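Here is the structure we will look at.
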Amino acid sequence: MSPYTLRWGIIATGKISGQFARDLLVDPSSREVSDVSHQITAVGSRSVESAQKFIDGLKNPAEGDSWGWGAKNGKLDRVKAHGSYDGVYNDPNVDAIYVGTPHNLHYKNTKDALLAGKHVLCEKPFTIDIEELEDLVAIAREKKLFLMEAVWTRFHPIAYAVEEVLKSGKLGKPKRFAADFSMEYDLDSKPDSNRFVDPALGGGSLLDMGPYPSVWAMLLVHRNPHNKDQNPKVVSSYQSIYKRSGVDLDSRWIVEWEGLCRGQLVTDLTSPGLRENTAALQCEEGDLIIEYPPQKPETFHIIPRPDRYLASVKEKTTHHHPVHAGNHGMSYEADEVARCIRDGKTESERMPLEESKVVQRWFDSVRKNGNSSTKEMKGTAGQ
Ligand SMILES: NC(=O)c1ccc[n+]([C@@H]2O[C@H](COP(=O)([O-])OP(=O)(O)OC[C@H]3O[C@@H](n4cnc5c(N)ncnc54)[C@H](OP(=O)(O)O)[C@@H]3O)[C@@H](O)[C@H]2O)c1
C-alpha cells in the first residue's frame, strides 16, 4: 500500500523552520517508516522574497545532504512561496501548518490557521499563557482539527526506550526527580531584538528552554505508571534577572506530584550544564539517568542503589538510542502528525493537549512568582 502523504505549509523562514523543513525531506525509510510521507506545498513569510529564498535553499542541498532526497523525489514539486502567513492558511494544497514563529506569535498564528480549517503543529512553548492555550484547544475541538505542540523529543527513539523501562516496573516507585537545561549563551553580544533578550518576544530562559526539563518530567514522572496526579503544581520557584532587559537568566522550580514525588527543574543561560546528567529519576529499586542534551539525548543509564542491597537493579547498564542517521530528529513528530490526521484523530496520545496544559501552567506559575519583565505578560487570548 502506498504511504499516506501529508501536505505541509510552513509558517516563518527562521532557524527552526529550516530544520523542520529539511527533516520533512529526508527519506522516511531511513528511519524505518513506510506508512506515511511528507510533501511541502507552501511556505509563508512576511516577505515573498524570504519565502522563495527558503524554498530555493531546500531545492539546493549540498552533496551528501540526506534531505536532498526530498527534492529529487518530488516532495517540493508543487511548493508555493507566499508573502504572508494568510496565504498559506488559505492555500487549498495545504493540509497542516507548521508554526515556527517566536513564542508571542504562536497563539495568533495557530488560531488563524485553525480558523482557516487547517491542522496545526505549533513550536514550543505552545503559547504565552494557559488562557491562550485553552482558547486554541477549544477552537481545534470545535472545528475537529488536529492540534499538537511540537515537543519533538517525545518522539525520539530514546523516549520510547525509557518508557519501556518504566512500564516494566523494574525501577519501582519514583522517589525524586531532577532535570536541567543549561547553556552558556552570550546575551550581551545580542541585539535588543534577539528573541532571548526581548521580553516582548517572550525572552529569557524559561519559555524557550523550559519545555526540555519539562519533557523529561512528563515522560519520567507524569506518565509513570505509578502517577495518579493529573495536575501537578509548582510548589516553589526562583528566577534571576538579566539587568539589560529584565528577562530571566535562570529559572528553577519544584513540582509536586501529590502522593508520589517532587521534581526540581532548571533552565539556565549562564552555564553549560551538566554533561552526564541532564535528567535523573531516582526510584525505589534504582536510578535512571539521561545524558545531555535534554532536547536530543541519545544515552541513558540505569544505576543500582548502593544503599539498598536487596533492590532488584544489581548493576549499572548503559543504553544508546540515537535518532536515525540523516534525520535531525524532527521527522518523528511530523510522522506522528501525519498518522493522526490520516486516522482522523484530533490529538496525539503521545503528546496530548492536556499534558501541554500541565506544562504551560508551570510556566505561568514560575513567571508570576518571579520578578522578571515577563512576570505580568499576558497572552492575547480571545483577540
Ligand atoms: N523544537 C526546537 O528544537 C526548537 C529550536 C529552536 C526554536 N524553537 C522554537 O521555534 C520558534 C522560533 O525560533 P527560531 O529559533 O526559529 O527563531 P528565528 O530564527 O528568530 O525565526 C523566527 C521567524 O519568525 C518570523 N517572525 C515573524 N514575526 C517576527 C518578529 N516580530 N520577530 C522575529 N521573527 C519574526 C520570521 O520569519 P519570516 O521573516 O519568514 O516571517 C523569523 O525568521 C520559537 O518559539 C522557539 O521556541 C524550537
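Please note that chains go A, B, ... in the order of the C-alpha cells, that every chain numbers its residues from 1, and that ligands are numbered from 1 in the order shown.
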
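Secondary structure of range 42-85 of chain A, helix (DSSP H, G or I) only (DSSP, backbone atoms): Val48, Glu49, Ser50, Ala51, Gln52, Lys53, Phe54, Ile55, Asp56, Gly57, Leu58, Lys59, Gly68, Trp69, Gly70, Ala71, Lys72 and Tyr85 of chain A.
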
Within 6 Å of ligand 1, counting only C-alpha atoms and all ligand atoms: which residues, as an MDAnalysis selection string?
chainID A and resid 12:17 45:46 50 100:103 123:125 208

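Minimum atom-to-atom distances from A:Phe126, A:Phe54, A:Tyr292, A:Tyr160 to Leu207 in chain A were compared using only C-alpha atoms, and the lowest value belongs to A:Phe126.
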
Find the residues of range 158-247 of chain A that sit at most 12 Å from range 370-382 of chain A; for each, write down the nearest two atoms and how far apart they are in Å, to one decimal. Count only C-alpha atoms. Sort by chain, then by number going up, and give it as a Markdown table.
```
| residue | atom | partner | partner_atom | distance |
| --- | --- | --- | --- | --- |
| A:Phe196 | CA | A:Thr374 | CA | 11.7 |
| A:Val197 | CA | A:Ser373 | CA | 10.6 |
| A:Asp198 | CA | A:Ser373 | CA | 9.4 |
| A:Pro199 | CA | A:Thr374 | CA | 5.9 |
| A:Ala200 | CA | A:Thr374 | CA | 7.9 |
| A:Leu201 | CA | A:Thr374 | CA | 9.5 |
| A:Gly202 | CA | A:Thr374 | CA | 6.8 |
| A:Gly203 | CA | A:Thr374 | CA | 7.8 |
| A:Gly204 | CA | A:Thr374 | CA | 8.5 |
| A:Ser205 | CA | A:Ser372 | CA | 10.9 |
| A:Leu206 | CA | A:Thr374 | CA | 10.1 |
| A:Leu207 | CA | A:Thr374 | CA | 10.0 |
| A:Ser236 | CA | A:Gly370 | CA | 10.3 |
| A:Ser237 | CA | A:Gly370 | CA | 7.5 |
| A:Tyr238 | CA | A:Gly370 | CA | 6.3 |
| A:Gln239 | CA | A:Gly370 | CA | 5.7 |
| A:Ser240 | CA | A:Ser372 | CA | 7.8 |
| A:Ile241 | CA | A:Ser372 | CA | 6.1 |
| A:Tyr242 | CA | A:Ser372 | CA | 8.3 |
| A:Lys243 | CA | A:Ser372 | CA | 9.4 |
| A:Arg244 | CA | A:Ser373 | CA | 10.4 |
| A:Ser245 | CA | A:Ser373 | CA | 7.2 |
| A:Gly246 | CA | A:Ser373 | CA | 4.7 |
| A:Val247 | CA | A:Ser372 | CA | 5.1 |
```

File of the preceding selection, N, CA, C and O atoms, as a short mmCIF file (atom, residue, chain, number, x, y, z; two decimals), in the first residue's frame:
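Wrote selection-v1.cif, looks like this:
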```cif
data_model
loop_
_atom_site.label_atom_id
_atom_site.label_comp_id
_atom_site.auth_asym_id
_atom_site.auth_seq_id
_atom_site.Cartn_x
_atom_site.Cartn_y
_atom_site.Cartn_z
N PHE A 196 15.76 35.93 22.72
CA PHE A 196 16.07 35.60 24.11
C PHE A 196 16.14 36.87 24.96
O PHE A 196 15.89 36.84 26.16
N VAL A 197 16.51 38.00 24.32
CA VAL A 197 16.71 39.25 25.05
C VAL A 197 15.40 40.03 25.20
O VAL A 197 15.13 40.63 26.25
N ASP A 198 14.57 40.03 24.17
CA ASP A 198 13.41 40.91 24.11
C ASP A 198 12.23 40.32 24.90
O ASP A 198 11.69 39.27 24.54
N PRO A 199 11.80 41.01 25.98
CA PRO A 199 10.67 40.47 26.74
C PRO A 199 9.38 40.40 25.91
O PRO A 199 8.56 39.51 26.12
N ALA A 200 9.24 41.31 24.93
CA ALA A 200 8.01 41.31 24.12
C ALA A 200 7.90 40.04 23.27
O ALA A 200 6.81 39.65 22.86
N LEU A 201 9.05 39.38 23.02
CA LEU A 201 9.02 38.12 22.25
C LEU A 201 8.98 36.91 23.19
O LEU A 201 9.18 35.78 22.77
N GLY A 202 8.76 37.19 24.48
CA GLY A 202 8.75 36.08 25.46
C GLY A 202 10.15 35.64 25.82
O GLY A 202 10.39 34.46 26.09
N GLY A 203 11.11 36.60 25.84
CA GLY A 203 12.53 36.29 26.05
C GLY A 203 12.85 35.67 27.40
O GLY A 203 11.99 35.53 28.27
N GLY A 204 14.14 35.30 27.56
CA GLY A 204 14.58 34.66 28.80
C GLY A 204 14.71 33.15 28.62
O GLY A 204 14.49 32.61 27.53
N SER A 205 15.11 32.48 29.70
CA SER A 205 15.37 31.04 29.60
C SER A 205 14.11 30.20 29.75
O SER A 205 13.98 29.14 29.15
N LEU A 206 13.16 30.66 30.57
CA LEU A 206 12.04 29.79 30.97
C LEU A 206 11.23 29.28 29.79
O LEU A 206 11.05 28.08 29.61
N LEU A 207 10.70 30.21 28.99
CA LEU A 207 9.77 29.79 27.94
C LEU A 207 10.49 29.05 26.82
O LEU A 207 9.95 28.13 26.23
N SER A 236 7.28 25.76 44.53
CA SER A 236 8.26 26.79 44.86
C SER A 236 9.03 27.13 43.59
O SER A 236 9.21 26.27 42.72
N SER A 237 9.49 28.39 43.46
CA SER A 237 10.29 28.72 42.27
C SER A 237 11.16 29.95 42.52
O SER A 237 10.92 30.72 43.46
N TYR A 238 12.16 30.12 41.65
CA TYR A 238 13.12 31.23 41.77
C TYR A 238 13.56 31.62 40.36
O TYR A 238 13.73 30.75 39.48
N GLN A 239 13.75 32.92 40.12
CA GLN A 239 14.33 33.37 38.84
C GLN A 239 15.38 34.43 39.10
O GLN A 239 15.16 35.32 39.93
N SER A 240 16.51 34.38 38.40
CA SER A 240 17.45 35.51 38.43
C SER A 240 17.24 36.31 37.15
O SER A 240 16.74 35.79 36.14
N ILE A 241 17.64 37.58 37.20
CA ILE A 241 17.21 38.53 36.16
C ILE A 241 18.41 39.07 35.37
O ILE A 241 19.45 39.40 35.94
N TYR A 242 18.21 39.18 34.06
CA TYR A 242 19.19 39.82 33.18
C TYR A 242 18.88 41.33 33.18
O TYR A 242 17.83 41.74 32.69
N LYS A 243 19.82 42.12 33.74
CA LYS A 243 19.51 43.53 34.02
C LYS A 243 19.09 44.31 32.78
O LYS A 243 18.19 45.14 32.82
N ARG A 244 19.77 44.06 31.66
CA ARG A 244 19.53 44.88 30.47
C ARG A 244 18.06 44.88 30.02
O ARG A 244 17.52 45.92 29.68
N SER A 245 17.39 43.73 30.03
CA SER A 245 16.00 43.72 29.54
C SER A 245 15.03 43.13 30.55
O SER A 245 13.83 43.08 30.30
N GLY A 246 15.56 42.68 31.68
CA GLY A 246 14.68 42.18 32.75
C GLY A 246 14.17 40.76 32.55
O GLY A 246 13.37 40.28 33.35
N VAL A 247 14.60 40.07 31.47
CA VAL A 247 14.13 38.69 31.29
C VAL A 247 14.87 37.77 32.27
O VAL A 247 15.87 38.17 32.87
#
```

List the neighbours of range 141-151 of chain A out to 6 Å using only C-alpha atoms; skip same-chain residues closer than 3 positions along the sequence, and give me the result as a ChimeraX atom specification.
/A:119-124,126,138,346-347

If you count only C-alpha atoms, which residues fall within 10 Å of Lys296 in chain A, apart from same-chain ones fewer than 5 positions away, as a PyMOL selection string?
chain A and resi 152-154+156-159+212+291+322-323+328-329

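Straight-line separation from CA of Val79 in chain A to CA of Ser47 in chain A: 15.9 Å.
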
Give the strand (DSSP E) residues of range 247-346 of chain A, as DSSP finds them on the backbone, and put them as number ranges by chain.
A: 248-257, 261-268, 279-283, 286-290, 299-304, 317-320

Can you tell me, as a list of chain:residue names, what residues are no more than 8 Å from Pro174 in chain A when counting only C-alpha atoms, ignoring any on the same chain fewer than 2 positions away?
A:Leu171, A:Gly172, A:Arg176, A:Phe177, A:Val221, A:His226, A:Leu260, A:Cys261, A:Leu281, A:Gln282, A:Cys283, A:Glu284

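Of the residues under consideration (A:Leu265, A:Ile97, A:Leu133, A:Leu58), A:Leu133 shows the shortest atom-to-atom contact distance to Lys357 in chain A when counting only C-alpha atoms.
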
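Closest to Pro297 in chain A among A:Val313, A:Val337, A:Val255, A:Val162 is A:Val162, based on only C-alpha atoms.
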